[in-house]
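**Student:** Provided below: protein-v4.txt, containing compact mmCIF, C-alpha atoms.
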# COMPACT_ATOMS: atom_id res chain seq x y z
CA MET X 27 97.49 36.70 171.67
CA THR X 28 99.49 33.51 171.83
CA ALA X 29 100.09 31.84 175.14
CA SER X 30 103.58 31.96 176.53
CA PRO X 31 105.35 28.59 176.76
CA PRO X 32 105.42 27.13 180.25
CA ALA X 33 108.45 28.08 182.30
CA GLN X 34 111.11 25.39 182.40
CA SER X 35 112.74 24.60 185.70
CA GLY X 36 116.49 24.67 186.03
CA ARG X 37 116.44 21.04 187.23
CA GLY X 38 114.38 20.01 184.21
CA ARG X 39 116.77 21.69 181.78
CA ALA X 40 119.74 20.12 183.53
CA LEU X 41 118.23 16.63 183.30
CA ASN X 42 117.31 17.23 179.66
CA LEU X 43 120.92 18.09 178.85
CA ARG X 44 122.23 15.20 180.93
CA LEU X 45 120.08 12.69 179.06
CA PHE X 46 121.07 14.13 175.70
CA MET X 47 124.73 13.76 176.59
CA ALA X 48 124.09 10.22 177.85
CA MET X 49 122.45 9.38 174.51
CA LEU X 50 125.40 10.90 172.63
CA HIS X 51 127.96 8.97 174.66
CA THR X 52 125.96 5.76 174.25
CA GLN X 53 125.93 6.20 170.48
CA GLU X 54 129.68 6.84 170.47
CA LEU X 55 130.25 3.71 172.57
CA LEU X 56 128.19 1.67 170.13
CA ALA X 57 130.19 3.06 167.21
CA GLY X 58 133.32 2.14 169.16
CA TYR X 59 131.90 -1.36 169.62
CA LEU X 60 131.85 -1.68 165.82
CA GLY X 61 135.48 -0.63 165.77
CA VAL X 62 136.41 -3.33 168.29
CA ARG X 63 134.37 -6.19 166.85
CA LEU X 64 135.26 -5.46 163.20
CA GLY X 65 138.95 -5.04 164.01
CA LEU X 66 139.02 -1.44 162.80
CA TYR X 67 141.06 -0.06 165.69
CA SER X 68 143.50 -2.96 165.39
CA ALA X 69 143.87 -2.29 161.67
CA LEU X 70 144.53 1.39 162.27
CA ALA X 71 147.01 0.54 165.02
CA GLU X 72 149.13 -1.14 162.34
CA ARG X 73 149.34 2.06 160.27
CA PRO X 74 147.16 5.03 159.20
CA ALA X 75 144.67 4.49 156.38
CA THR X 76 142.26 6.10 153.98
CA ALA X 77 138.69 4.82 153.95
CA GLU X 78 139.44 2.56 151.00
CA GLU X 79 142.60 1.20 152.59
CA LEU X 80 140.81 0.48 155.87
CA ALA X 81 137.96 -1.22 154.02
CA GLN X 82 140.40 -3.54 152.27
CA ARG X 83 142.49 -4.17 155.37
CA ALA X 84 139.53 -4.95 157.64
CA GLY X 85 137.25 -6.55 155.06
CA ILE X 86 134.31 -4.15 155.30
CA GLY X 87 132.36 -2.04 152.80
CA ALA X 88 134.17 1.10 151.65
CA ARG X 89 131.19 3.40 152.19
CA TYR X 90 130.78 2.08 155.74
CA ALA X 91 134.50 2.55 156.36
CA ARG X 92 134.29 6.19 155.29
CA GLU X 93 131.28 6.98 157.49
CA TRP X 94 132.75 5.23 160.51
CA LEU X 95 136.12 6.97 160.09
CA GLU X 96 134.48 10.37 159.75
CA GLN X 97 132.36 9.76 162.85
CA GLN X 98 135.42 8.69 164.84
CA ALA X 99 137.31 11.78 163.74
CA VAL X 100 134.37 14.05 164.58
CA ALA X 101 134.20 12.42 168.02
CA GLY X 102 137.92 13.02 168.53
CA PHE X 103 138.89 9.35 168.72
CA LEU X 104 140.98 9.50 165.52
CA ASP X 105 143.18 12.13 163.93
CA VAL X 106 142.59 12.99 160.27
CA SER X 107 144.60 14.79 157.60
CA ASP X 108 143.28 18.11 156.25
CA GLU X 109 142.00 17.04 152.83
CA ALA X 110 138.97 18.43 151.02
CA ASP X 111 138.69 15.23 148.97
CA ALA X 112 137.13 12.62 151.27
CA SER X 113 138.78 9.77 149.40
CA ARG X 114 142.25 11.14 150.15
CA ARG X 115 141.83 11.76 153.90
CA VAL X 116 144.20 9.70 156.01
CA TYR X 117 143.03 8.62 159.45
CA THR X 118 145.39 7.87 162.32
CA LEU X 119 144.82 6.17 165.65
CA PRO X 120 147.04 8.15 168.07
CA ALA X 121 149.25 5.97 170.25
CA ASP X 122 147.75 7.30 173.47
CA HIS X 123 144.24 6.56 172.18
CA ALA X 124 145.31 3.09 171.07
CA GLU X 125 146.20 2.34 174.68
CA VAL X 126 142.57 3.08 175.60
CA LEU X 127 140.86 1.42 172.62
CA LEU X 128 142.83 -1.85 172.38
CA ALA X 129 142.70 -4.73 174.87
CA SER X 130 145.85 -5.00 176.97
CA ASP X 131 147.18 -4.98 180.54
CA SER X 132 147.28 -1.18 180.49
CA PRO X 133 145.29 0.52 183.25
CA LEU X 134 144.04 2.92 180.56
CA SER X 135 142.44 0.21 178.40
CA MET X 136 138.65 0.62 178.44
CA VAL X 137 137.63 -1.92 175.81
CA SER X 138 136.50 -4.62 178.22
CA LEU X 139 134.87 -2.28 180.73
CA THR X 140 132.77 -0.29 178.29
CA MET X 141 132.33 -1.51 174.73
CA LEU X 142 131.99 -5.28 175.08
CA PRO X 143 129.64 -5.31 178.10
CA LEU X 144 127.51 -2.76 176.25
CA GLY X 145 126.93 -5.34 173.53
CA GLY X 146 126.19 -7.96 176.18
CA VAL X 147 123.58 -5.86 177.95
CA ALA X 148 121.94 -5.06 174.61
CA ALA X 149 121.65 -8.78 173.87
CA ALA X 150 120.14 -9.43 177.31
CA LEU X 151 117.50 -6.67 177.24
CA PRO X 152 114.53 -8.92 176.29
CA GLY X 153 115.47 -11.32 179.09
CA LEU X 154 115.96 -8.44 181.51
CA LEU X 155 112.46 -7.12 180.82
CA GLU X 156 111.02 -10.55 181.55
CA ALA X 157 113.12 -10.98 184.70
CA TYR X 158 111.93 -7.66 186.08
CA ARG X 159 108.31 -8.53 185.33
CA THR X 160 108.45 -11.98 186.93
CA GLY X 161 111.02 -11.44 189.67
CA ALA X 162 113.05 -14.37 188.35
CA GLY X 163 116.78 -14.37 187.71
CA LEU X 164 118.72 -14.21 184.45
CA GLY X 165 121.77 -16.32 183.64
CA ASP X 166 125.04 -15.04 182.23
CA ASP X 167 124.36 -16.99 179.03
CA ALA X 168 121.69 -14.39 178.16
CA TYR X 169 124.44 -11.77 177.93
CA GLY X 170 126.44 -13.75 175.39
CA GLU X 171 130.06 -13.73 174.35
CA ASP X 172 130.36 -9.94 174.51
CA TRP X 173 129.62 -9.92 178.21
CA ARG X 174 131.87 -12.90 178.90
CA GLU X 175 134.81 -11.20 177.22
CA GLY X 176 134.10 -7.80 178.70
CA HIS X 177 133.43 -9.05 182.20
CA SER X 178 136.50 -11.28 182.18
CA GLY X 179 138.77 -8.50 180.97
CA ALA X 180 137.35 -5.64 183.03
CA ASN X 181 139.69 -6.26 186.00
CA ARG X 182 142.66 -7.45 183.97
CA ALA X 183 144.81 -4.37 184.53
CA LEU X 184 143.71 -4.09 188.16
CA PHE X 185 144.82 -7.63 188.96
CA MET X 186 147.97 -7.63 186.87
CA HIS X 187 149.27 -4.29 188.18
CA ALA X 188 147.61 -3.45 191.51
CA LEU X 189 146.97 -6.80 193.22
CA PRO X 190 150.62 -7.76 193.97
CA GLY X 191 151.20 -4.26 195.35
CA TRP X 192 148.19 -4.57 197.64
CA PHE X 193 149.59 -7.82 199.00
CA ARG X 194 152.99 -6.26 199.67
CA SER X 195 151.74 -3.03 201.26
CA ALA X 196 148.47 -3.96 202.99
CA LEU X 197 148.99 -7.69 203.64
CA PRO X 198 152.72 -8.08 204.36
CA ASP X 199 152.24 -11.29 206.38
CA VAL X 200 150.31 -12.92 203.53
CA SER X 201 152.94 -11.74 201.05
CA ALA X 202 155.73 -13.13 203.23
CA ARG X 203 154.02 -16.50 203.45
CA LEU X 204 153.61 -16.74 199.69
CA ARG X 205 157.17 -15.55 199.11
CA GLY X 206 158.79 -17.75 201.74
CA GLY X 207 158.29 -21.16 200.16
CA PRO X 208 155.84 -23.51 198.43
CA SER X 209 152.22 -22.50 198.95
CA ARG X 210 148.78 -23.26 197.55
CA VAL X 211 146.29 -20.59 196.48
CA ALA X 212 142.64 -21.08 195.49
CA ASP X 213 140.87 -18.47 193.37
CA LEU X 214 137.10 -19.05 193.47
CA GLY X 215 135.03 -17.53 190.67
CA CYS X 216 138.31 -16.97 188.84
CA GLY X 217 136.84 -15.77 185.54
CA ALA X 218 139.51 -15.34 182.89
CA GLY X 219 142.22 -16.04 185.44
CA TRP X 220 143.99 -12.69 185.65
CA ALA X 221 144.16 -12.64 189.47
CA ALA X 222 145.51 -16.19 189.58
CA ILE X 223 148.08 -15.32 186.92
CA ALA X 224 149.13 -12.15 188.75
CA ILE X 225 149.63 -14.07 192.01
CA ALA X 226 151.67 -16.77 190.27
CA ARG X 227 153.89 -14.21 188.57
CA ALA X 228 154.45 -12.28 191.81
CA TYR X 229 155.15 -15.43 193.89
CA PRO X 230 157.20 -18.06 192.01
CA TRP X 231 156.69 -20.67 194.75
CA ALA X 232 152.90 -20.48 194.61
CA GLN X 233 150.71 -23.15 193.01
CA VAL X 234 147.34 -21.62 192.09
CA ASP X 235 144.05 -23.40 191.39
CA GLY X 236 141.26 -21.38 189.78
CA PHE X 237 137.63 -22.49 189.97
CA ASP X 238 134.70 -21.33 187.85
CA LEU X 239 131.53 -23.03 186.65
CA ASP X 240 131.66 -21.64 183.10
CA LYS X 241 133.62 -23.97 180.80
CA ASP X 242 134.25 -21.33 178.12
CA THR X 243 135.64 -18.93 180.71
CA ILE X 244 137.89 -21.67 182.09
CA ALA X 245 139.17 -22.39 178.56
CA ALA X 246 140.01 -18.70 178.15
CA ALA X 247 141.73 -18.63 181.55
CA SER X 248 143.87 -21.64 180.64
CA ALA X 249 144.89 -19.95 177.39
CA ASN X 250 145.75 -16.76 179.30
CA ALA X 251 147.93 -18.71 181.75
CA GLU X 252 149.71 -20.37 178.83
CA GLY X 253 150.33 -17.00 177.22
CA ALA X 254 151.65 -15.59 180.49
CA GLY X 255 154.08 -18.49 180.90
CA VAL X 256 152.64 -19.75 184.20
CA ALA X 257 150.57 -22.73 183.04
CA ASP X 258 152.90 -25.07 184.94
CA ARG X 259 151.78 -23.50 188.24
CA VAL X 260 148.26 -22.22 187.47
CA VAL X 261 145.54 -24.78 186.79
CA PHE X 262 141.89 -23.92 186.15
CA HIS X 263 138.96 -26.17 186.96
CA ALA X 264 135.41 -26.01 185.59
CA GLN X 265 133.82 -27.15 188.82
CA ASP X 266 132.25 -26.03 192.06
CA ALA X 267 135.05 -25.21 194.49
CA ALA X 268 133.05 -26.89 197.27
CA HIS X 269 134.15 -30.19 195.70
CA ALA X 270 137.83 -29.27 195.58
CA ASP X 271 140.42 -31.40 197.34
CA GLY X 272 143.07 -30.28 199.79
CA ARG X 273 143.68 -27.15 201.81
CA TYR X 274 145.03 -23.79 200.74
CA ASP X 275 147.28 -21.19 202.34
CA LEU X 276 145.23 -18.47 200.66
CA VAL X 277 141.64 -18.59 199.42
CA CYS X 278 140.51 -15.68 197.22
CA LEU X 279 137.02 -14.58 196.23
CA PHE X 280 137.58 -11.59 193.99
CA ASP X 281 134.79 -9.38 192.61
CA THR X 282 132.22 -12.16 192.52
CA LEU X 283 130.52 -12.51 195.93
CA HIS X 284 127.82 -9.98 195.01
CA GLU X 285 126.81 -12.15 192.02
CA MET X 286 126.49 -15.38 193.99
CA THR X 287 123.06 -16.97 194.33
CA ARG X 288 124.21 -18.76 197.50
CA PRO X 289 126.81 -16.41 199.00
CA VAL X 290 126.83 -17.95 202.49
CA GLU X 291 127.46 -21.42 201.06
CA VAL X 292 130.30 -20.06 198.94
CA LEU X 293 131.90 -18.42 201.96
CA ARG X 294 131.53 -21.68 203.90
CA ALA X 295 133.39 -23.40 201.07
CA CYS X 296 136.14 -20.80 201.36
CA ARG X 297 136.39 -21.51 205.07
CA ALA X 298 136.55 -25.26 204.48
CA LEU X 299 139.32 -24.88 201.90
CA ARG X 300 141.45 -22.72 204.19
CA ALA X 301 144.44 -24.51 205.67
CA GLU X 302 145.39 -24.11 209.31
CA GLU X 303 146.64 -20.54 209.68
CA GLY X 304 145.51 -19.90 206.11
CA GLU X 305 143.79 -16.74 204.93
CA VAL X 306 140.53 -15.90 203.14
CA LEU X 307 140.36 -12.65 201.17
CA VAL X 308 137.25 -11.15 199.58
CA LEU X 309 137.42 -8.32 197.05
CA ASP X 310 134.08 -6.74 196.21
CA ALA X 311 132.47 -3.53 195.02
CA LYS X 312 133.28 -0.33 196.89
CA VAL X 313 129.95 1.30 197.68
CA ALA X 314 128.87 3.80 200.29
CA PRO X 315 128.33 2.39 203.81
CA ARG X 316 124.67 3.46 203.57
CA PHE X 317 122.20 4.52 200.91
CA THR X 318 122.59 8.17 199.84
CA ALA X 319 120.83 9.93 196.95
CA PRO X 320 121.90 11.57 194.80
CA ALA X 321 125.33 9.96 194.89
CA ASP X 322 128.76 10.28 193.27
CA GLU X 323 129.83 8.71 189.97
CA ILE X 324 131.21 5.56 191.58
CA GLU X 325 127.95 4.79 193.37
CA ARG X 326 126.00 5.55 190.19
CA PHE X 327 128.23 3.16 188.24
CA GLN X 328 127.81 0.38 190.80
CA TYR X 329 124.03 0.75 190.92
CA ALA X 330 123.69 0.80 187.11
CA THR X 331 125.83 -2.34 186.87
CA SER X 332 123.63 -4.00 189.46
CA VAL X 333 120.37 -3.08 187.71
CA LEU X 334 121.59 -4.38 184.34
CA HIS X 335 123.54 -7.49 185.37
CA CYS X 336 124.59 -8.36 188.88
CA LEU X 337 121.19 -8.37 190.59
CA PRO X 338 119.50 -10.46 187.87
CA VAL X 339 122.25 -13.12 187.88
CA SER X 340 122.27 -13.26 191.68
CA GLN X 341 118.52 -13.98 191.56
CA LEU X 342 118.91 -17.10 189.43
CA GLY X 343 117.96 -20.54 190.73
CA PRO X 344 117.65 -21.85 194.28
CA GLY X 345 119.10 -19.72 197.04
CA GLN X 346 118.60 -16.41 195.27
CA GLY X 347 121.28 -14.40 197.04
CA GLY X 348 119.86 -11.23 195.56
CA SER X 349 122.78 -9.08 196.71
CA GLY X 350 123.57 -7.28 193.49
CA THR X 351 126.59 -5.04 193.08
CA VAL X 352 125.67 -2.78 195.99
CA LEU X 353 126.95 -5.10 198.70
CA ARG X 354 127.69 -2.75 201.56
CA PRO X 355 130.37 -3.46 204.23
CA ASP X 356 127.83 -4.41 206.90
CA ALA X 357 126.23 -6.91 204.48
CA VAL X 358 129.63 -8.50 203.76
CA ARG X 359 130.22 -8.88 207.50
CA ASP X 360 126.77 -10.41 208.01
CA LEU X 361 127.40 -12.97 205.25
CA ALA X 362 130.83 -13.81 206.69
CA VAL X 363 129.44 -14.36 210.18
CA ALA X 364 126.60 -16.50 208.81
CA ALA X 365 129.26 -18.64 207.09
CA GLY X 366 131.11 -19.23 210.37
CA PHE X 367 133.74 -16.49 210.32
CA ALA X 368 134.19 -14.19 213.29
CA GLU X 369 134.63 -10.99 211.32
CA ALA X 370 135.30 -9.36 207.95
CA VAL X 371 138.06 -6.81 208.47
CA GLU X 372 138.55 -4.22 205.74
CA VAL X 373 142.05 -4.10 204.25
CA PRO X 374 143.23 -0.57 203.29
CA ILE X 375 144.01 -0.94 199.58
CA GLY X 376 142.89 2.57 198.53
CA ASP X 377 141.06 1.54 195.35
CA ARG X 378 138.21 3.69 194.01
CA PHE X 379 136.01 0.79 192.88
CA HIS X 380 136.79 -2.06 195.30
CA ARG X 381 137.07 -2.98 198.95
CA MET X 382 139.11 -5.91 200.22
CA TYR X 383 138.11 -7.87 203.31
CA ARG X 384 140.11 -10.31 205.38
CA LEU X 385 137.80 -12.95 206.87
CA THR X 386 138.95 -14.06 210.30
CA GLY X 387 137.99 -16.79 212.74
Written as structure tokens, how would this file's structure read?

**Tutor:**
Amino acid sequence: MTASPPAQSGRGRALNLRLFMAMLHTQELLAGYLGVRLGLYSALAERPATAEELAQRAGIGARYAREWLEQQAVAGFLDVSDEADASRRVYTLPADHAEVLLASDSPLSMVSLTMLPLGGVAAALPGLLEAYRTGAGLGDDAYGEDWREGHSGANRALFMHALPGWFRSALPDVSARLRGGPSRVADLGCGAGWAAIAIARAYPWAQVDGFDLDKDTIAAASANAEGAGVADRVVFHAQDAAHADGRYDLVCLFDTLHEMTRPVEVLRACRALRAEEGEVLVLDAKVAPRFTAPADEIERFQYATSVLHCLPVSQLGPGQGGSGTVLRPDAVRDLAVAAGFAEAVEVPIGDRFHRMYRLTG
């Protein structure tokens, strides 16, 4: 007699299926990464193509073009004509899928949030292994250009579309001040500059200074401001904002506090830059008020981001803030009080991924 196979638990089968689907989706994201970096989606956005036409248009090997196109059609990313002859099949990027797969201001665009950071994390994996073994931090340079582009563009649509509305609905006094006459705004950790650009476009009297330590990111931000037509009122500086001159009616720290190695010092700098009766706003990750496991998809996303990027970079160098993405509301308040503020009051913006705080006192 042969022994019966061991019984499999329902939880084990469920996790087995979940990991298979995660592997499948990861492979499809990596194939999508090829489409972004090789310009294949952009080429198809111009007009439909056969494999040979795409190969010529994008400058890749014809056999690779055919396999990639077939995979994309099988995955449902592309539409394909019903042709038995593979060489005659015409592949089309549907307009609604183009909105997702091409970089733009559209809230549906997922290129920055998914495909480019994926390449950045892959590049950083050897450094991540070493950081976990030693307890040391890992700089953003380990993640390369893919991460810089993806990270900078991840909140582009959020800032360009949602941020001005949040000011109008949840911060009417701040909005009125910016609308009522000349004002100065400082955006610390400005990244690619989308928040600064959005504020300048919404408030024509505002002069905005963006600060970031990464020179390449500042160069990209300056180019973005030029393209948006606000370079006369938005200036970006590759420097520590603690060394900035003057006082500001509004000081912003958007989606970056949890990555800071010295978060209390940064918040003190925000307080020092604030003009009399000025405001300090902090936008950071929306996580549960307390640890809960298992958790929903948002909490899972925030924790995974922290494990792969935000905790390691916050552990770099002296200070070692060590916050990571999961910076809960009580922790934000504790940091604010340590920096000299009286309180961090949550602003009701209703976003799934972010909380906004108004630092008072």

**Student:** Do a neighbour search on stretch 77-93 of chain X at 9 Å with only C-alpha atoms, toss out local chain neighbours closer than 4 positions, and write the hits as JSON, numbers by chain.

**Tutor:** {"X": [64, 65, 66, 68, 69, 70, 97, 98, 112, 113, 114, 115, 116, 117]}

**Student:** Between atom CA of X:Ala99 and atom CA of X:Ala183, what is the distance in Å, rounded to a tenth?

**Tutor:**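 If I compute the distance from atom CA of X:Ala99 to atom CA of X:Ala183, I get 27.4 Å.
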
**Student:** Could you name the residues that touch stretch 359-366 of chain X at 8 Å or less, counting all atoms listed in the file, but leaving out those on the same chain fewer than 2 positions away, as a list in words?

**Tutor:** Pro289, Val290, Glu291, Leu293, Arg294, Arg297, Pro355, Asp356, Ala357, Ala368, Glu369, Ala370, Leu385 and Gly387 of chain X

**Student:** Between atom CA of X:Gly376 and atom CA of X:Asp131, what is the distance in Å, rounded to a tenth?

**Tutor:** 20.0 Å

**Student:** Return the single residue from X:Ser195, X:Thr118, X:Thr351, X:Ser132 that is closest to X:Tyr67, with distances computed using all atoms listed in the file.

**Tutor:**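 Result for the nearest residue to X:Tyr67: X:Thr118.
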
**Student:** Can you work out the spacing between atom CA of X:Val147 and atom CA of X:Tyr169 in Å, to one decimal?

**Tutor:**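 One can read the atom CA of X:Val147 to atom CA of X:Tyr169 distance as 6.0 Å.
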
**Student:** Could you list, as a ChimeraX atom specification, every residue within 8 Å of X:Ala247, counting all atoms listed in the file and ignoring same-chain residues fewer than 2 positions away?

**Tutor:** /X:217-220,243-245,249-251,262

**Student:** Within 10 Å of (143.3, 5.8, 173.4) (file coordinates; only C-alpha atoms), which protein or nucleic acid residues are there? I'd like them as a PDB file with C-alpha atoms, keeping the file's coordinate frame.

**Tutor:**
ATOM      1  CA  TYR X  67     141.060  -0.060 165.690  1.00  0.00           C
ATOM      2  CA  PHE X 103     138.890   9.350 168.720  1.00  0.00           C
ATOM      3  CA  LEU X 104     140.980   9.500 165.520  1.00  0.00           C
ATOM      4  CA  LEU X 119     144.820   6.170 165.650  1.00  0.00           C
ATOM      5  CA  PRO X 120     147.040   8.150 168.070  1.00  0.00           C
ATOM      6  CA  ALA X 121     149.250   5.970 170.250  1.00  0.00           C
ATOM      7  CA  ASP X 122     147.750   7.300 173.470  1.00  0.00           C
ATOM      8  CA  HIS X 123     144.240   6.560 172.180  1.00  0.00           C
ATOM      9  CA  ALA X 124     145.310   3.090 171.070  1.00  0.00           C
ATOM     10  CA  GLU X 125     146.200   2.340 174.680  1.00  0.00           C
ATOM     11  CA  VAL X 126     142.570   3.080 175.600  1.00  0.00           C
ATOM     12  CA  LEU X 127     140.860   1.420 172.620  1.00  0.00           C
ATOM     13  CA  LEU X 128     142.830  -1.850 172.380  1.00  0.00           C
ATOM     14  CA  LEU X 134     144.040   2.920 180.560  1.00  0.00           C
ATOM     15  CA  SER X 135     142.440   0.210 178.400  1.00  0.00           C
ATOM     16  CA  MET X 136     138.650   0.620 178.440  1.00  0.00           C
ATOM     17  CA  VAL X 137     137.630  -1.920 175.810  1.00  0.00           C
TER      18      VAL X 137
END

**Student:** With only C-alpha atoms as the counted atoms, please give the residues lying no more than 8 Å from stretch 196-209 of chain X, apart from itself and same-chain residues fewer than 5 positions off, as a PyMOL selection string.

**Tutor:** chain X and resi 229-233+274-275+305+373-375

**Student:** Please, could you write that set of residues out with C-alpha atoms as a CSV table (one decimal), in the coordinates of the input?

**Tutor:**
chain,number,residue,atom,x,y,z
X,229,TYR,CA,155.2,-15.4,193.9
X,230,PRO,CA,157.2,-18.1,192.0
X,231,TRP,CA,156.7,-20.7,194.8
X,232,ALA,CA,152.9,-20.5,194.6
X,233,GLN,CA,150.7,-23.2,193.0
X,274,TYR,CA,145.0,-23.8,200.7
X,275,ASP,CA,147.3,-21.2,202.3
X,305,GLU,CA,143.8,-16.7,204.9
X,373,VAL,CA,142.0,-4.1,204.2
X,374,PRO,CA,143.2,-0.6,203.3
X,375,ILE,CA,144.0,-0.9,199.6

**Student:** If we count only C-alpha atoms, what is near stretch 154-157 of chain X at a cut-off of 9 Å, once residues fewer than 6 positions away on the same chain are taken out, given as an MDAnalysis selection string?

**Tutor:** chainID X and resid 147 163:164 168 334:335 338

**Student:** Include C-alpha atoms and write out the residues we just selected as a PDB file, in the frame of the given file.

**Tutor:**
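Saved as out.pdb:
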ATOM      1  CA  VAL X 147     123.580  -5.860 177.950  1.00  0.00           C
ATOM      2  CA  GLY X 163     116.780 -14.370 187.710  1.00  0.00           C
ATOM      3  CA  LEU X 164     118.720 -14.210 184.450  1.00  0.00           C
ATOM      4  CA  ALA X 168     121.690 -14.390 178.160  1.00  0.00           C
ATOM      5  CA  LEU X 334     121.590  -4.380 184.340  1.00  0.00           C
ATOM      6  CA  HIS X 335     123.540  -7.490 185.370  1.00  0.00           C
ATOM      7  CA  PRO X 338     119.500 -10.460 187.870  1.00  0.00           C
TER       8      PRO X 338
END

**Student:** I'd like to know which of X:Phe193, X:Leu299, X:Ser340, X:Ala110 is closest to X:Thr287, using only C-alpha atoms.

**Tutor:**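 When distances to X:Thr287 are compared using only C-alpha atoms, the smallest one comes from X:Ser340.
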
**Student:** Taking all atoms listed in the file into account, which of X:Pro320, X:Gly350, X:Gly176, X:Gly146 comes nearest X:Val333?

**Tutor:** X:Gly350

**Student:** For each of X:Val62, X:Gly102, X:Pro190, X:Arg378, take the minimum atom-to-atom distance to X:Asp322, counting all atoms listed in the file, then give the residue where this is smallest.

**Tutor:**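 Closest to X:Asp322, using all atoms listed in the file: X:Arg378.
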